[in-house]
Every structure is written in structure tokens, then in C-alpha cells.
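work-v1.txt follows; it contains compact mmCIF, C-alpha atoms.
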```txt
# COMPACT_ATOMS: atom_id res chain seq x y z
CA MET N 1 59.06 117.81 97.52
CA ASN N 2 58.80 114.10 96.75
CA TYR N 3 59.17 114.97 93.08
CA LEU N 4 62.50 116.74 93.74
CA PHE N 5 63.65 113.83 95.90
CA HIS N 6 62.97 111.36 93.08
CA ILE N 7 64.86 113.52 90.57
CA ALA N 8 67.86 113.78 92.93
CA PHE N 9 67.79 110.01 93.50
CA ILE N 10 67.71 109.28 89.75
CA LEU N 11 70.59 111.68 89.08
CA LEU N 12 72.68 110.15 91.87
CA TRP N 13 71.95 106.62 90.69
CA SER N 14 72.80 107.51 87.09
CA THR N 15 76.09 109.12 88.12
CA ASN N 16 77.09 106.11 90.22
CA ALA N 17 76.09 103.70 87.48
CA PHE N 18 78.08 105.65 84.90
CA THR N 19 81.11 105.83 87.21
CA GLN N 20 80.89 102.08 87.84
CA LYS N 21 80.55 101.43 84.11
CA GLU N 22 83.59 103.64 83.45
CA ARG N 23 85.56 101.81 86.15
CA ASP N 24 84.57 98.44 84.70
CA THR N 25 86.00 99.42 81.31
CA LEU N 26 89.45 100.14 82.75
CA PRO N 27 91.96 97.47 81.65
CA LYS N 28 92.89 94.98 84.38
CA LEU N 29 96.65 95.21 84.77
CA ASN N 30 97.49 92.29 87.02
CA LEU N 31 100.96 90.85 87.59
CA SER N 32 100.59 88.22 84.86
CA LYS N 33 100.17 90.91 82.19
CA ILE N 34 103.04 92.96 83.64
CA ALA N 35 105.31 89.91 83.62
CA HIS N 36 104.33 89.21 80.02
CA ILE N 37 105.42 92.74 79.12
CA ASN N 38 108.72 92.42 80.97
CA GLN N 39 109.71 89.07 79.46
CA SER N 40 110.67 89.33 75.80
CA ASP N 41 108.07 88.13 73.28
CA SER N 42 108.16 84.89 71.35
CA TYR N 43 108.69 85.59 67.66
CA ILE N 44 110.07 84.30 64.37
CA THR N 45 111.51 86.51 61.63
CA PHE N 46 111.09 86.27 57.89
CA PRO N 47 114.23 85.72 55.73
CA THR N 48 114.13 89.38 54.68
CA ASP N 49 116.47 91.10 57.16
CA ASN N 50 117.91 94.33 55.79
CA GLY N 51 121.25 95.36 57.27
CA ASN N 52 124.67 94.04 58.15
CA ILE N 53 123.65 90.79 59.84
CA GLU N 54 124.69 87.42 58.38
CA PRO N 55 122.13 86.02 55.88
CA LEU N 56 119.52 84.14 57.91
CA MET N 57 116.62 81.88 57.12
CA PHE N 58 115.07 83.05 60.38
CA GLU N 59 115.71 84.06 63.96
CA ALA N 60 113.34 82.65 66.57
CA ASN N 61 112.87 83.52 70.23
CA LEU N 62 111.06 80.89 72.30
CA ASN N 63 110.04 82.43 75.58
CA PRO N 64 107.31 80.58 77.53
CA ASN N 65 106.54 81.77 81.06
CA PHE N 66 105.79 79.44 83.97
CA VAL N 67 104.02 81.41 86.69
CA VAL N 68 104.18 80.56 90.40
CA ARG N 69 101.71 82.46 92.58
CA LYS N 70 99.22 81.87 95.37
CA ARG N 71 96.17 83.19 93.51
CA ALA N 72 95.30 85.31 90.46
CA ASP N 73 95.23 88.63 92.36
CA SER N 74 98.50 88.05 94.26
CA ARG N 75 100.87 91.00 94.59
CA LEU N 76 103.87 88.66 94.78
CA MET N 77 104.67 86.36 91.87
CA MET N 78 107.57 84.30 90.55
CA VAL N 79 108.12 83.52 86.87
CA LEU N 80 110.40 80.81 85.47
CA THR N 81 111.39 81.39 81.84
CA PRO N 82 113.52 78.90 79.82
CA GLN N 83 114.28 81.38 77.03
CA ILE N 84 116.00 80.06 73.89
CA THR N 85 117.04 82.15 70.87
CA ILE N 86 118.14 80.41 67.67
CA ARG N 87 119.33 81.52 64.25
CA MET N 88 119.18 79.35 61.16
CA PHE N 89 121.80 80.62 58.74
CA ASN N 90 121.21 80.74 55.00
CA GLU N 91 124.17 78.52 54.20
CA GLU N 92 124.70 74.98 52.96
CA SER N 93 122.50 72.57 55.00
CA TYR N 94 121.01 75.61 56.80
CA PRO N 95 122.94 75.25 60.09
CA VAL N 96 121.68 76.46 63.48
CA LYS N 97 124.80 77.87 65.12
CA THR N 98 125.39 78.29 68.87
CA PRO N 99 121.84 78.92 70.18
CA SER N 100 121.42 81.32 73.09
CA TYR N 101 120.15 79.66 76.26
CA ILE N 102 118.92 82.23 78.80
CA PRO N 103 117.03 80.45 81.59
CA GLN N 104 115.88 82.97 84.17
CA LEU N 105 113.95 83.31 87.40
CA THR N 106 112.12 86.59 88.05
CA LEU N 107 110.37 87.79 91.20
CA TYR N 108 107.71 90.53 90.99
CA TYR N 109 106.01 92.61 93.65
CA LEU N 110 103.11 94.92 92.80
CA PHE N 111 102.61 98.18 94.71
CA GLY N 112 98.97 99.26 94.51
CA TYR N 113 95.97 97.45 93.07
CA PRO N 114 95.45 96.06 89.54
CA ASP N 115 92.08 97.86 89.28
CA LEU N 116 93.80 101.24 89.55
CA ALA N 117 94.86 103.08 86.40
CA HIS N 118 98.39 103.67 87.72
CA HIS N 119 100.74 101.51 89.80
CA THR N 120 104.35 100.37 90.06
CA THR N 121 105.96 96.93 90.13
CA MET N 122 109.42 96.08 91.42
CA PHE N 123 111.24 93.07 90.00
CA GLY N 124 114.47 91.13 90.43
CA LYS N 125 115.85 88.61 87.96
CA LEU N 126 118.52 85.91 88.16
CA ALA N 127 119.66 84.52 84.80
CA HIS N 128 122.23 82.48 82.93
CA HIS N 129 123.34 83.11 79.33
CA SER N 130 125.35 80.54 77.39
CA ASN N 131 125.63 78.93 73.97
CA GLY N 132 126.06 75.27 74.90
CA GLN N 133 129.56 75.03 73.40
CA ASP N 134 132.84 73.96 75.05
CA GLY N 135 135.45 74.81 72.41
CA ASN N 136 138.27 77.32 72.75
CA PHE N 137 137.11 80.92 72.93
CA TYR N 138 139.73 82.02 70.35
CA ASN N 139 140.82 80.56 67.04
CA SER N 140 144.52 79.99 66.34
CA ASP N 141 144.69 83.34 64.54
CA GLY N 142 143.39 85.22 67.60
CA SER N 143 139.86 85.79 66.28
CA ILE N 144 136.82 84.74 68.32
CA ASN N 145 135.69 81.18 67.62
CA LEU N 146 132.11 81.74 66.45
CA ARG N 147 131.55 78.11 65.49
CA SER N 148 132.26 76.26 68.75
CA GLY N 149 133.77 78.77 71.18
CA ASN N 150 132.51 78.65 74.75
CA PHE N 151 130.34 81.57 75.88
CA ALA N 152 128.84 81.73 79.38
CA THR N 153 127.87 84.40 81.88
CA ASN N 154 125.48 84.76 84.81
CA PHE N 155 123.79 87.95 85.87
CA PHE N 156 121.09 89.54 87.95
CA GLU N 157 118.80 92.43 87.08
CA ILE N 158 116.83 94.76 89.35
CA GLY N 159 114.36 97.43 88.32
CA PHE N 160 110.81 98.72 88.26
CA ILE N 161 107.88 98.90 85.85
CA ASP N 162 105.53 101.90 85.95
CA THR N 163 102.10 101.05 84.56
CA SER N 164 99.41 103.55 83.52
CA TYR N 165 96.33 103.92 81.37
CA GLY N 166 95.75 106.94 79.14
CA SER N 167 92.00 107.44 78.79
CA GLN N 168 92.35 110.20 76.18
CA VAL N 169 94.23 107.94 73.78
CA ASN N 170 92.76 104.69 75.16
CA ALA N 171 96.17 103.07 75.54
CA VAL N 172 97.95 101.08 78.23
CA LYS N 173 101.47 102.36 78.85
CA PHE N 174 104.49 100.84 80.55
CA PHE N 175 107.84 102.38 81.44
CA LYS N 176 110.62 100.07 82.62
CA SER N 177 114.06 100.92 83.97
CA SER N 178 116.59 98.42 85.29
CA LEU N 179 120.25 97.63 85.92
CA GLU N 180 121.73 94.38 84.60
CA ILE N 181 124.85 93.29 86.50
CA HIS N 182 127.33 90.54 85.56
CA PRO N 183 129.84 90.10 88.42
CA LYS N 184 133.31 89.27 87.08
CA GLY N 185 133.37 85.97 88.92
CA TRP N 186 130.13 85.00 87.17
CA MET N 187 131.43 85.23 83.59
CA LEU N 188 134.17 83.57 81.57
CA GLU N 189 137.60 85.09 82.00
CA GLU N 190 137.82 85.70 78.25
CA LEU N 191 134.70 87.88 78.38
CA GLN N 192 136.02 90.20 81.08
CA GLY N 193 136.95 93.59 79.72
CA GLN N 194 135.20 93.14 76.38
CA TYR N 195 131.68 92.03 77.36
CA SER N 196 129.73 94.64 79.32
CA GLY N 197 128.93 93.57 82.85
CA LEU N 198 126.91 96.65 83.82
CA ARG N 199 124.01 97.70 81.63
CA TRP N 200 121.28 100.26 82.12
CA HIS N 201 118.04 99.34 80.35
CA ASN N 202 115.11 101.68 79.68
CA SER N 203 111.95 100.75 77.81
CA PHE N 204 108.63 102.31 76.88
CA PHE N 205 105.65 100.22 75.69
CA ALA N 206 102.25 101.49 74.52
CA TYR N 207 99.31 99.22 73.66
CA LYS N 208 96.46 100.86 71.76
CA LEU N 209 93.10 99.37 72.72
CA PRO N 210 90.17 99.23 70.27
CA LEU N 211 87.32 101.74 70.39
CA ASP N 212 84.85 99.51 68.58
CA ARG N 213 82.23 97.17 70.04
CA ASP N 214 84.96 95.24 71.88
CA PHE N 215 85.66 98.27 74.09
CA PHE N 216 83.34 97.02 76.84
CA SER N 217 84.60 93.46 76.60
CA LYS N 218 86.59 92.14 79.54
CA LYS N 219 89.06 90.59 77.11
CA ARG N 220 89.99 93.44 74.82
CA LYS N 221 92.99 92.82 72.59
CA ALA N 222 95.60 95.41 71.76
CA ASN N 223 95.49 95.59 67.97
CA PHE N 224 98.52 97.86 67.77
CA SER N 225 101.55 98.44 69.96
CA VAL N 226 104.87 100.25 69.87
CA LYS N 227 108.02 99.57 71.89
CA ILE N 228 111.11 101.69 72.38
CA GLU N 229 114.04 99.98 74.10
CA THR N 230 117.48 101.36 74.95
CA THR N 231 120.59 99.98 76.65
CA TRP N 232 123.65 101.88 77.84
CA MET N 233 126.84 100.02 78.86
CA LEU N 234 128.29 101.68 81.94
CA ASP N 235 131.40 99.71 82.83
CA LYS N 236 134.95 99.82 81.48
CA ILE N 237 135.18 97.76 78.29
CA ASN N 238 137.38 97.77 75.16
CA ASP N 239 139.10 101.01 76.22
CA TRP N 240 135.95 102.89 75.17
CA LYS N 241 135.38 106.40 76.46
CA THR N 242 132.68 106.97 79.07
CA VAL N 243 130.55 108.72 76.45
CA GLU N 244 130.82 106.58 73.34
CA THR N 245 128.13 105.76 70.77
CA LYS N 246 129.32 102.14 70.70
CA ARG N 247 127.98 101.79 74.24
CA PHE N 248 124.42 102.45 73.07
CA SER N 249 121.92 99.91 71.77
CA GLY N 250 118.37 100.76 70.77
CA ALA N 251 115.33 99.12 69.22
CA LEU N 252 112.00 100.36 67.87
CA THR N 253 109.26 97.77 67.31
CA PHE N 254 105.83 98.20 65.74
CA TYR N 255 103.32 95.39 66.17
CA TYR N 256 99.95 94.86 64.49
CA HIS N 257 97.40 92.17 65.31
CA PRO N 258 94.82 91.81 62.53
CA LYS N 259 91.37 90.58 63.45
CA PHE N 260 91.61 87.54 61.19
CA LEU N 261 94.45 86.08 63.31
CA GLU N 262 93.83 84.71 66.78
CA ASP N 263 97.15 84.38 68.62
CA ILE N 264 99.82 85.98 66.44
CA GLY N 265 100.47 89.26 64.67
CA PHE N 266 103.00 90.98 62.43
CA PHE N 267 105.91 93.11 63.57
CA VAL N 268 108.64 95.27 62.11
CA LYS N 269 111.71 96.05 64.20
CA PHE N 270 114.58 98.50 63.80
CA TYR N 271 117.68 97.58 65.82
CA HIS N 272 121.02 99.35 66.31
CA GLY N 273 123.77 98.15 68.62
CA LEU N 274 125.99 95.23 69.52
CA ASP N 275 124.75 91.76 68.69
CA TYR N 276 122.85 90.10 71.55
CA TYR N 277 123.39 86.55 70.18
CA ASN N 278 125.91 85.09 72.67
CA ILE N 279 129.44 84.82 71.23
CA TYR N 280 128.58 87.17 68.35
CA PHE N 281 128.59 90.04 70.89
CA ARG N 282 131.41 91.94 69.13
CA HIS N 283 129.36 92.45 65.96
CA GLN N 284 127.77 95.87 65.46
CA LEU N 285 124.29 95.58 63.92
CA ASP N 286 122.03 97.98 62.06
CA ILE N 287 119.05 95.99 60.83
CA ILE N 288 115.39 96.13 59.88
CA ARG N 289 113.45 92.90 60.21
CA PHE N 290 109.91 91.60 59.78
CA GLY N 291 108.16 88.61 61.26
CA LEU N 292 105.43 87.03 63.37
CA MET N 293 105.04 87.62 67.11
CA THR N 294 102.80 86.14 69.83
CA GLU N 295 102.21 89.42 71.64
CA ILE N 296 98.58 88.85 72.58
CA LEU N 297 97.46 90.64 75.73
CA ARG N 298 93.83 90.72 76.82
CA PHE N 299 93.03 93.71 78.99
```
What is this structure when it is put down as C-alpha cells?
Amino acid sequence: MNYLFHIAFILLWSTNAFTQKERDTLPKLNLSKIAHINQSDSYITFPTDNGNIEPLMFEANLNPNFVVRKRADSRLMMVLTPQITIRMFNEESYPVKTPSYIPQLTLYYLFGYPDLAHHTTMFGKLAHHSNGQDGNFYNSDGSINLRSGNFATNFFEIGFIDTSYGSQVNAVKFFKSSLEIHPKGWMLEELQGQYSGLRWHNSFFAYKLPLDRDFFSKKRKANFSVKIETTWMLDKINDWKTVETKRFSGALTFYYHPKFLEDIGFFVKFYHGLDYYNIYFRHQLDIIRFGLMTEILRF
């Protein structure tokens, strides 16, 4: 009888130990990681863009996050992001024209617990987008003044981020959906009617975790990731029909972090849609670009 009791005890202990070990290997998806996913990555492109964009030496997105929270496991968190996007054009003296300044304040609230494999986060963002210029919006010939024309708008964005972990493929997955709203009184008069003030964003991110000896590490790095991002413009602009392909923007990004690099990796991005670079918003882009990105998440 004692023999059977010992066997049962060993089996129970082994099962609990295995379950605890399995739970310990689940990626920790706290608010800091979720915020990192939601804020666009810092990157710099190589001068090898293929498509109908102006010849560039590079495009760079500088996007540091300043986190305000009570403690590391807080469900409520605020993030201040002084985002700046610049393009250096491949022209005489290599000018940097009309950078995009997009300072933003984002508030996150996590439903559930970071240790769980599935939870949802709500977020709200307040942001400003301008190019730091004060010239006339139009040139004398009626075209938009791309060199020094004033561009400015303010907006807020509300949405959610669904977070999950796929054990079969050993990948962390995120789905984000949000509405971006630019009230008419918050944007330049010249932008009204031709710059979309109501945008529906949807995104899917997948981060493939390693299956090698780092699998049991508490700081596993995603060596490979893929992102699919779409935007649909919902308001009345440019006399476009409600269902019009011009209203759609989409991007597909592949990222690879080789082991010989610590904090950066390589990416390739396919983008279709209107230009997101401030006063260049009327330009339709179809481009493929390569570069370096600081998308380093430790799960």
C-alpha cells in the first residue's frame, strides 16, 4: 500500500513540476512589450528603395518611448513618444526636407494578467503631426508647396490589442484594431476635404521564438517576425467613392535578427498607399525597401 502511495506521489509531483516548467516557459507579455509593439519601430533604410518614391539617401524613424507607470506589473501605463521621421533626399547637398514631428501620449490598460497566454489591452492616443514649416500651403501655380508649406493636424486614436501565444508554432501573436480621428477644427483648413480625418487601422504581428537552447531562457529574443498593416480611409475626401482602392493603404514587413547582432536586425518592407510623410500626403506610393530596425523584444 505504501508502495502505491509513493508511486502516486511521484507521478503527481512530476506532473506538477512539468506543468510549472511549461508555465515558466510562456513568454511574459507585460504592458511594456505591448506598448513597444503598438508604437512604430525605430529604423533606417538603405538607399535602395524600389518604386515610385523620390530618390532617397535614407528614411529614418526615431521613436523612443518614455514609460510612466507605478511598477513593472501595472495594468495601467502611460507612454510619451516624441516620434520624428526624416528623409534625406539624394539631391545636391543631400537636403532633409520637412521632417515629420509626431509627438504623442498613449494610455494603456491591460485586461487579464501578463502570465496568461491570452489577454486584451485597450489604448487611447493623443497626437500631433506637423512638419515644422510656416510657408504658404500652395505655390503660385496652385500646386502644394512641398518645400516650405505648412502642414499640421492633431488627432486621437482609440483601439484594442489582442495578445496570444501559439504553442504549436511557438510564436507570440498580436492583433490590433483602432480608429484614428482628426476633428476638422484640429487640422489646417487647407487639409480639410483632401486629408483623411477618419482612418480605420488593422494590424497583425507574429514573433517567432527560438526552439534552441534559449527556449528556457527568461529573455528569449524573437529572431524572426512578420507584420501586416492596413488602413482604410472612411470619411469624405477628394470626391472619392465610398469603395475606392485609393482609400486603402497596406504594408507587409519581414524582420530578421541574426545572432551576431545584439540590438538591431534587418527588414524588408512592401508598402502600397498614400504617402505618410506630412505634406507629401497626396503622393501614391508602391515601394519595396530594405534597412536596419531596432525591433528587439525579449519574451
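Minimum distance to Glu244 of chain N across N:Gly273, N:Pro258, N:Gly197, N:Pro99 (counting all atoms listed in the file) occurs at N:Gly273.
Closest to Gly250 of chain N among N:Lys236, N:His201, N:His36, N:Lys70 is N:His201, based on only C-alpha atoms.
Between atom CA of Phe175 of chain N and atom CA of Phe281 of chain N the separation is 26.3 Å.
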Open item on the list: Give me, as a PyMOL selection string, all polymer residues having an atom no more than 6 Å from segment 146-158 of chain N, counting all atoms listed in the file and skipping those fewer than 3 positions away in the same chain.
Closed with: chain N and resi 123-131+133-137+178-182+186-187+279
- [ ] Pull the neighbourhood of (124.6, 106.3, 66.7) for me: all residues within 9 Å in file coordinates, counting all atoms listed in the file, as a ChimeraX atom specification.
- [x] /N:245-246,248-249,272-273
Open item on the list: Counting all atoms listed in the file, which residues have an atom no more than 8 Å from (110.0, 100.1, 67.4) in the file's coordinates? Please list them as a list in words.
Closed with: Val226, Lys227, Ile228, Glu229, Ala251, Leu252, Thr253, Phe254, Val268, Lys269 and Phe270 of chain N
TODO: Between N:Lys176, N:Arg282, N:His118, N:Lys259, single out the one closest to Ser196 of chain N, counting all atoms listed in the file.
DONE: N:Arg282
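Note that the spacing between atom CA of Leu292 of chain N and atom CA of Met77 of chain N amounts to 28.5 Å.
Using only C-alpha atoms, the nearest neighbour of Tyr43 of chain N within the list N:Arg87, N:Arg247, N:Arg69, N:Arg75 is N:Arg87.
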